[in-house]
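Enquirer: This is data-v3.cif (mmCIF, C-alpha atoms).
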data_data
#
loop_
_atom_site.label_atom_id
_atom_site.label_comp_id
_atom_site.auth_asym_id
_atom_site.auth_seq_id
_atom_site.Cartn_x
_atom_site.Cartn_y
_atom_site.Cartn_z
CA MET A 17 12.41 -34.65 44.37
CA ILE A 18 14.84 -37.09 42.77
CA THR A 19 12.98 -40.19 41.74
CA LYS A 20 14.26 -43.73 42.01
CA LEU A 21 14.46 -43.91 38.20
CA THR A 22 16.53 -40.72 38.06
CA THR A 23 18.92 -42.08 40.70
CA THR A 24 19.34 -45.31 38.74
CA ILE A 25 20.09 -43.42 35.52
CA LEU A 26 22.64 -41.21 37.27
CA CYS A 27 24.40 -44.26 38.72
CA MET A 28 24.50 -45.92 35.29
CA LEU A 29 25.95 -42.79 33.70
CA LEU A 30 28.56 -42.47 36.43
CA ALA A 31 29.58 -46.13 36.09
CA THR A 32 29.80 -45.79 32.31
CA GLY A 33 31.95 -42.70 32.66
CA MET A 34 34.30 -44.50 35.04
CA LEU A 35 34.66 -47.42 32.63
CA ILE A 36 35.42 -45.10 29.72
CA SER A 37 37.99 -43.25 31.86
CA CYS A 38 39.69 -46.50 32.92
CA LYS A 39 39.79 -47.74 29.33
CA LYS A 40 41.24 -44.45 28.15
CA ASP A 41 43.94 -44.56 30.85
CA ALA A 42 44.82 -48.15 29.93
CA GLU A 43 45.10 -47.27 26.25
CA THR A 44 47.39 -44.29 26.90
CA VAL A 45 49.99 -46.39 28.76
CA PRO A 46 52.62 -47.19 26.10
CA LYS A 47 53.81 -50.77 25.85
CA GLU A 48 57.50 -51.15 26.64
CA LYS A 49 59.51 -51.88 23.53
CA GLY A 50 61.66 -55.01 23.57
CA ILE A 51 65.19 -55.38 22.26
CA ILE A 52 64.04 -56.16 18.70
CA GLU A 53 62.01 -52.93 18.49
CA ASP A 54 64.51 -50.79 20.38
CA PRO A 55 68.02 -52.35 20.62
CA ALA A 56 69.71 -49.10 21.72
CA ASN A 57 67.89 -49.24 25.06
CA TYR A 58 69.36 -52.64 25.96
CA VAL A 59 72.58 -54.41 26.82
CA VAL A 60 72.99 -58.17 26.54
CA TYR A 61 75.14 -60.17 28.95
CA ILE A 62 76.49 -63.60 27.97
CA ARG A 63 78.48 -66.06 30.07
CA LEU A 64 80.14 -68.58 27.76
CA GLN A 65 81.18 -72.00 29.07
CA SER A 66 84.16 -74.00 27.84
CA PRO A 67 83.65 -77.53 26.46
CA SER A 68 85.12 -78.90 29.71
CA GLY A 69 82.41 -77.07 31.65
CA SER A 70 84.75 -75.37 34.14
CA ALA A 71 85.95 -72.19 32.41
CA TYR A 72 83.80 -69.12 31.83
CA TYR A 73 84.21 -66.15 29.55
CA ASP A 74 81.89 -63.14 29.82
CA GLU A 75 80.79 -60.73 27.12
CA LEU A 76 78.62 -57.62 27.30
CA TYR A 77 76.93 -56.23 24.19
CA ASP A 78 76.03 -52.54 24.23
CA PHE A 79 73.78 -51.51 21.32
CA SER A 80 73.69 -47.98 19.89
CA PRO A 81 71.07 -46.29 17.64
CA ASP A 82 73.36 -46.28 14.57
CA ASN A 83 73.34 -50.09 14.22
CA LYS A 84 76.67 -50.39 16.02
CA MET A 85 77.28 -52.87 18.82
CA TYR A 86 80.15 -52.59 21.30
CA THR A 87 81.42 -55.86 22.78
CA TYR A 88 83.14 -55.57 26.16
CA THR A 89 85.14 -58.39 27.73
CA PRO A 90 87.85 -58.37 30.42
CA GLU A 91 90.34 -59.44 27.75
CA ILE A 92 89.30 -56.66 25.34
CA PRO A 93 88.13 -53.88 27.70
CA GLN A 94 88.36 -51.14 25.07
CA GLY A 95 85.35 -52.65 23.29
CA ALA A 96 85.19 -54.31 19.88
CA ILE A 97 82.80 -52.63 17.41
CA ARG A 98 80.49 -54.65 15.16
CA ASN A 99 77.40 -53.91 13.11
CA TYR A 100 74.04 -55.46 13.88
CA SER A 101 70.83 -55.90 11.89
CA ILE A 102 67.24 -56.97 12.50
CA ASP A 103 65.90 -59.84 10.39
CA GLY A 104 62.23 -60.33 11.27
CA ASN A 105 62.19 -61.09 14.99
CA ILE A 106 65.92 -61.89 15.19
CA LEU A 107 68.79 -59.54 15.99
CA LYS A 108 71.96 -60.64 14.22
CA ILE A 109 75.50 -59.49 15.01
CA GLU A 110 77.93 -59.23 12.13
CA GLY A 111 80.89 -61.62 12.26
CA THR A 112 79.42 -63.83 15.00
CA MET A 113 77.13 -66.86 15.35
CA VAL A 114 75.13 -65.07 18.05
CA GLU A 115 71.41 -64.44 17.48
CA ILE A 116 69.05 -62.63 19.83
CA THR A 117 65.26 -62.68 20.04
CA GLN A 118 62.98 -60.91 22.51
CA ASP A 119 63.74 -63.42 25.24
CA LYS A 120 66.57 -65.70 24.12
CA VAL A 121 70.24 -65.62 23.10
CA THR A 122 71.83 -68.43 21.07
CA ASN A 123 75.37 -69.09 19.92
CA GLU A 124 75.91 -71.66 17.17
CA GLY A 125 79.70 -71.61 17.25
CA GLY A 126 82.46 -72.01 19.84
CA TRP A 127 81.63 -72.18 23.53
CA ASP A 128 78.13 -72.85 24.82
CA ILE A 129 76.08 -70.18 26.56
CA LYS A 130 75.93 -70.94 30.29
CA ASP A 131 73.92 -67.85 31.30
CA PHE A 132 72.53 -64.82 29.53
CA ALA A 133 70.45 -61.76 30.32
CA ILE A 134 68.74 -59.15 28.15
CA LEU A 135 68.95 -56.06 30.35
CA LYS A 136 67.08 -52.77 29.94
CA LYS A 137 69.42 -49.82 30.30
CA GLN A 138 68.84 -47.77 33.43
CA SER A 139 69.16 -44.00 33.81
CA SER A 140 70.81 -44.35 37.24
CA ASN A 141 73.67 -46.49 38.55
CA GLN A 142 72.12 -49.70 39.90
CA LEU A 143 75.41 -50.71 41.56
CA ALA A 144 75.85 -47.54 43.58
CA GLY A 145 76.11 -47.97 47.35
CA LYS A 146 75.92 -51.77 47.25
CA VAL A 147 78.24 -54.50 48.54
CA TYR A 148 78.54 -57.96 46.96
CA THR A 149 80.39 -60.97 48.35
CA GLY A 150 81.21 -64.37 46.92
CA VAL A 151 83.79 -66.93 45.83
CA TYR A 152 86.26 -66.43 43.00
CA TYR A 153 87.05 -69.49 40.85
CA LYS A 154 89.93 -70.36 38.55
CA ASN A 155 89.30 -71.63 35.03
CA ASP A 156 89.92 -75.22 36.11
CA GLY A 157 87.03 -74.96 38.60
CA SER A 158 89.22 -74.73 41.70
CA VAL A 159 88.86 -71.88 44.19
CA LEU A 160 91.00 -68.78 43.75
CA HIS A 161 89.57 -66.80 46.70
CA PRO A 162 87.09 -68.48 49.08
CA SER A 163 85.95 -65.01 50.11
CA PHE A 164 85.96 -61.79 48.10
CA PHE A 165 83.90 -58.60 48.01
CA TYR A 166 83.14 -55.54 45.90
CA GLN A 167 81.88 -52.31 47.44
CA PHE A 168 80.52 -49.60 45.14
CA HIS A 169 80.63 -45.94 46.15
CA PRO A 170 77.13 -44.44 46.51
CA SER A 171 77.75 -41.37 44.34
CA SER A 172 80.84 -41.93 42.17
CA THR A 173 82.09 -44.61 39.79
CA THR A 174 84.57 -45.91 42.33
CA LYS A 175 84.72 -49.39 43.82
CA LYS A 176 86.65 -51.09 46.58
CA ALA A 177 87.62 -54.75 46.67
CA GLY A 178 89.15 -57.15 49.13
CA LEU A 179 89.13 -60.64 50.58
CA VAL A 180 87.04 -60.13 53.71
CA PHE A 181 84.61 -57.23 54.06
CA PRO A 182 85.27 -54.47 55.04
CA THR A 183 89.09 -54.75 54.79
CA VAL A 184 90.00 -53.09 51.48
CA ALA A 185 92.82 -54.48 49.34
CA ARG A 186 92.40 -52.10 46.40
CA GLU A 187 90.33 -49.15 45.22
CA ASP A 188 89.82 -48.07 41.62
CA THR A 189 87.40 -46.50 39.17
CA TYR A 190 85.16 -48.14 36.62
CA ILE A 191 83.21 -47.31 33.48
CA LEU A 192 79.45 -47.62 33.94
CA ILE A 193 77.64 -49.31 31.04
CA GLY A 194 73.88 -49.07 30.74
CA GLY A 195 73.50 -48.41 34.45
CA VAL A 196 73.84 -52.16 35.15
CA ALA A 197 77.46 -53.07 34.39
CA ALA A 198 80.92 -51.95 35.47
CA LEU A 199 84.08 -52.24 33.40
CA GLY A 200 87.31 -51.86 35.37
CA LYS A 201 90.53 -51.54 33.38
CA ASN A 202 92.81 -49.35 35.51
CA ILE A 203 93.49 -51.62 38.44
CA PRO A 204 96.35 -50.28 40.62
CA GLY A 205 99.28 -52.67 40.80
CA TYR A 206 97.93 -54.91 38.04
CA PRO A 207 98.69 -53.27 34.67
CA GLY A 208 96.90 -54.96 31.80
CA ASP A 209 94.32 -56.63 34.05
CA ALA A 210 90.62 -55.87 33.66
CA GLU A 211 87.30 -57.01 35.06
CA LEU A 212 83.68 -57.00 33.94
CA LEU A 213 80.91 -56.91 36.56
CA VAL A 214 77.26 -57.25 35.50
CA LEU A 215 74.15 -57.04 37.68
CA VAL A 216 71.63 -59.77 36.84
CA ASN A 217 68.62 -60.40 39.10
CA GLU A 218 70.40 -58.84 42.10
CA LYS A 219 73.44 -61.09 41.55
CA LEU A 220 76.81 -59.70 40.46
CA TYR A 221 78.41 -61.79 37.70
CA VAL A 222 82.16 -61.13 37.66
CA ASN A 223 84.85 -62.05 35.15
CA TYR A 224 88.49 -61.03 35.76
CA TYR A 225 91.39 -61.22 33.29
CA ASP A 226 94.88 -61.80 34.72
CA SER A 227 97.11 -60.49 31.94
CA THR A 228 100.39 -61.60 33.55
CA ASN A 229 99.37 -65.26 33.58
CA ASP A 230 96.85 -64.99 30.70
CA LYS A 231 94.09 -66.51 32.83
CA MET A 232 90.43 -65.82 33.53
CA TYR A 233 88.73 -65.92 36.93
CA SER A 234 85.00 -65.74 37.57
CA GLY A 235 82.32 -65.78 40.23
CA ILE A 236 78.72 -64.99 41.08
CA PHE A 237 78.43 -62.61 44.03
CA SER A 238 75.43 -62.00 46.30
CA LYS A 239 74.31 -58.65 47.66
CA GLN A 240 74.84 -58.22 51.38
CA GLN A 241 71.64 -57.62 53.34
#
Could you show the structure in this file as structure tokens?
Expert:
Amino acid sequence: MITKLTTTILCMLLATGMLISCKKDAETVPKEKGIIEDPANYVVYIRLQSPSGSAYYDELYDFSPDNKMYTYTPEIPQGAIRNYSIDGNILKIEGTMVEITQDKVTNEGGWDIKDFAILKKQSSNQLAGKVYTGVYYKNDGSVLHPSFFYQFHPSSTTKKAGLVFPTVAREDTYILIGGVAALGKNIPGYPGDAELLVLVNEKLYVNYYDSTNDKMYSGIFSKQQ
């Protein structure tokens, strides 16, 4: 017959075993490395603001394992290459005044930083199959298009765009960067134009370069429900 004491001991052993198992499971879960420990698994998005406060200029930094950093902008869509280094808990980019920590981006020279995001690279396309709508603005703060949309193909790097969804004005391909950003530089009918689209907290930050008039347009687009 199992005594009361034996039952108590068995319960204590079982509880102890469960605690040890839980602790072991918790210890085996690796902590996610941040951008300072693992820059090559991140991209950094920066929206710079002009001194007047109305014009915006977007940059996307794509870090590689060989201490190279590729800067993409609508004006320079081919990507400018710079070196980067880690100094303590600060990531420094050669030839710039930009410094990055685990959770902050600063720029000591030129335009101020209006928005920024340190984004973990994703293995799949986070834009695929989604539609975003919003307002496009000129660099003087006035409205360029009161209504505009982007529609991303669910399985290819193709996007459609137009004024009022779902009427398409153009369709083109894009380069996917880090699974969270699209760089379009072959826009039919607009040679020399390019656009950068970055997904930040379910919002699509867009910056478009009009090469004919040497002007930038920008907007923040919301995902359609």
Enquirer: May I have the protein, DNA and RNA residues with any atom at most 10 Å from the point (70.7, -62.6, 37.8), counting all atoms listed in the file, written as a PyMOL selection string?
Expert: chain A and resi 131-133+214-221+236-238
Enquirer: Contacts of A:Leu107 at 9 Å or less, counting all atoms listed in the file, minus same-chain residues fewer than 3 places along, as a ChimeraX atom specification?
Expert: /A:51-52,55,100-104,114-118
Enquirer: Given only C-alpha atoms as the basis, pick out the residue of A:Val121, A:Ala144, A:Met113, A:Leu192 nearest to A:Arg63.
Expert: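 Looking only at the distances to A:Arg63, the closest residue turns out to be A:Val121.
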Enquirer: Can you tell me, as a PDB file with C-alpha atoms, in the frame of the given file, what residues are no more than 10 Å from stretch 151-164 of chain A when counting all atoms listed in the file, ignoring any on the same chain fewer than 3 positions away?
Expert:
ATOM      1  CA  SER A  66      84.160 -74.000  27.840  1.00  0.00           C
ATOM      2  CA  SER A  68      85.120 -78.900  29.710  1.00  0.00           C
ATOM      3  CA  GLY A  69      82.410 -77.070  31.650  1.00  0.00           C
ATOM      4  CA  SER A  70      84.750 -75.370  34.140  1.00  0.00           C
ATOM      5  CA  ALA A  71      85.950 -72.190  32.410  1.00  0.00           C
ATOM      6  CA  TYR A  72      83.800 -69.120  31.830  1.00  0.00           C
ATOM      7  CA  TYR A  73      84.210 -66.150  29.550  1.00  0.00           C
ATOM      8  CA  TYR A 148      78.540 -57.960  46.960  1.00  0.00           C
ATOM      9  CA  ALA A 177      87.620 -54.750  46.670  1.00  0.00           C
ATOM     10  CA  GLY A 178      89.150 -57.150  49.130  1.00  0.00           C
ATOM     11  CA  LEU A 179      89.130 -60.640  50.580  1.00  0.00           C
ATOM     12  CA  VAL A 180      87.040 -60.130  53.710  1.00  0.00           C
ATOM     13  CA  PHE A 181      84.610 -57.230  54.060  1.00  0.00           C
ATOM     14  CA  VAL A 222      82.160 -61.130  37.660  1.00  0.00           C
ATOM     15  CA  ASN A 223      84.850 -62.050  35.150  1.00  0.00           C
ATOM     16  CA  TYR A 224      88.490 -61.030  35.760  1.00  0.00           C
ATOM     17  CA  LYS A 231      94.090 -66.510  32.830  1.00  0.00           C
ATOM     18  CA  MET A 232      90.430 -65.820  33.530  1.00  0.00           C
ATOM     19  CA  TYR A 233      88.730 -65.920  36.930  1.00  0.00           C
ATOM     20  CA  SER A 234      85.000 -65.740  37.570  1.00  0.00           C
ATOM     21  CA  GLY A 235      82.320 -65.780  40.230  1.00  0.00           C
ATOM     22  CA  ILE A 236      78.720 -64.990  41.080  1.00  0.00           C
ATOM     23  CA  PHE A 237      78.430 -62.610  44.030  1.00  0.00           C
ATOM     24  CA  SER A 238      75.430 -62.000  46.300  1.00  0.00           C
TER      25      SER A 238
END
Enquirer: Using all atoms listed in the file, find the one residue out of A:Gly145, A:Gly50, A:Gly126, A:Pro90 that sits nearest to A:Glu211.
Expert: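 Of A:Gly145, A:Gly50, A:Gly126, A:Pro90, the one nearest A:Glu211 is A:Pro90, counting all atoms listed in the file.
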Enquirer: Looking at A:Glu91, A:Gly125, A:Pro81, A:Asp54, which one is nearest to A:Asp209, with distances taken over only C-alpha atoms?
Expert: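 Of the candidates, the smallest distance to A:Asp209 is held by A:Glu91.
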Enquirer: As a check of understanding, name the residues that the PyMOL selection byres ((chain A and resi 168-173) around 8) selects in the supplied structure, as a list in words.
Expert: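 When the PyMOL selection byres ((chain A and resi 168-173) around 8) is applied to the shown file, the picked residues are Leu143, Ala144, Gly145, Lys146, Val147, Tyr166, Gln167, Thr174, Lys175, Lys176, Thr189, Tyr190, Ile191 and Leu192 of chain A.
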Enquirer: State, in Å with one decimal place, the distance from atom CA of A:Thr87 to atom CA of A:Val196.
Expert: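 So the two atoms, atom CA of A:Thr87 and atom CA of A:Val196, lie 15.0 Å apart.
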Enquirer: Looking at only C-alpha atoms, which of A:Trp127, A:Tyr86, A:Phe79, A:Tyr225 is the one that sits closest to A:Lys201?
Expert: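 When distances to A:Lys201 are compared using only C-alpha atoms, the smallest one comes from A:Tyr225.
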Enquirer: Quick one: axis-aligned box around all listed atoms of stretch 63-79 of chain A, 4 Å on every side, centre and edge lengths in Å to one decimal, written as JSON.
Expert:
{"center_x": 79.9, "center_y": -65.2, "center_z": 27.7, "size_x": 20.2, "size_y": 35.4, "size_z": 20.8}
Enquirer: Report the distance between atom CA of A:Ala96 and atom CA of A:Glu48 in Å, rounded to one decimal place.
Expert: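 Here the two named atoms are 28.7 Å from each other.
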Enquirer: Using the chain letters and numbers from this file, what does the PyMOL selection byres ((chain A and resi 57) around 12) select? Give the answer as a ChimeraX atom specification.
Expert: /A:48-56,58-60,77-81,85,134-139,193-195
Enquirer: May I ask for the distance between atom CA of A:Gln240 and atom CA of A:Leu199, given in Å to one decimal place?
Expert: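 We find that atom CA of A:Gln240 and atom CA of A:Leu199 lie 21.1 Å from each other.
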Enquirer: So which one's closest to A:Ala197, A:Ile106, A:Ile62, A:Ile92, A:Leu212? Using all atoms listed in the file, please.
Expert: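 Comparing A:Ile106, A:Ile62, A:Ile92, A:Leu212 against A:Ala197, the winner is A:Leu212.
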Enquirer: Quick one: of A:Pro182, A:Glu187, A:Lys120, A:Pro93, who's nearest to A:Asn105, counting all atoms listed in the file?
Expert: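 Once distances to A:Asn105 are computed over all atoms listed in the file, the minimum belongs to A:Lys120.
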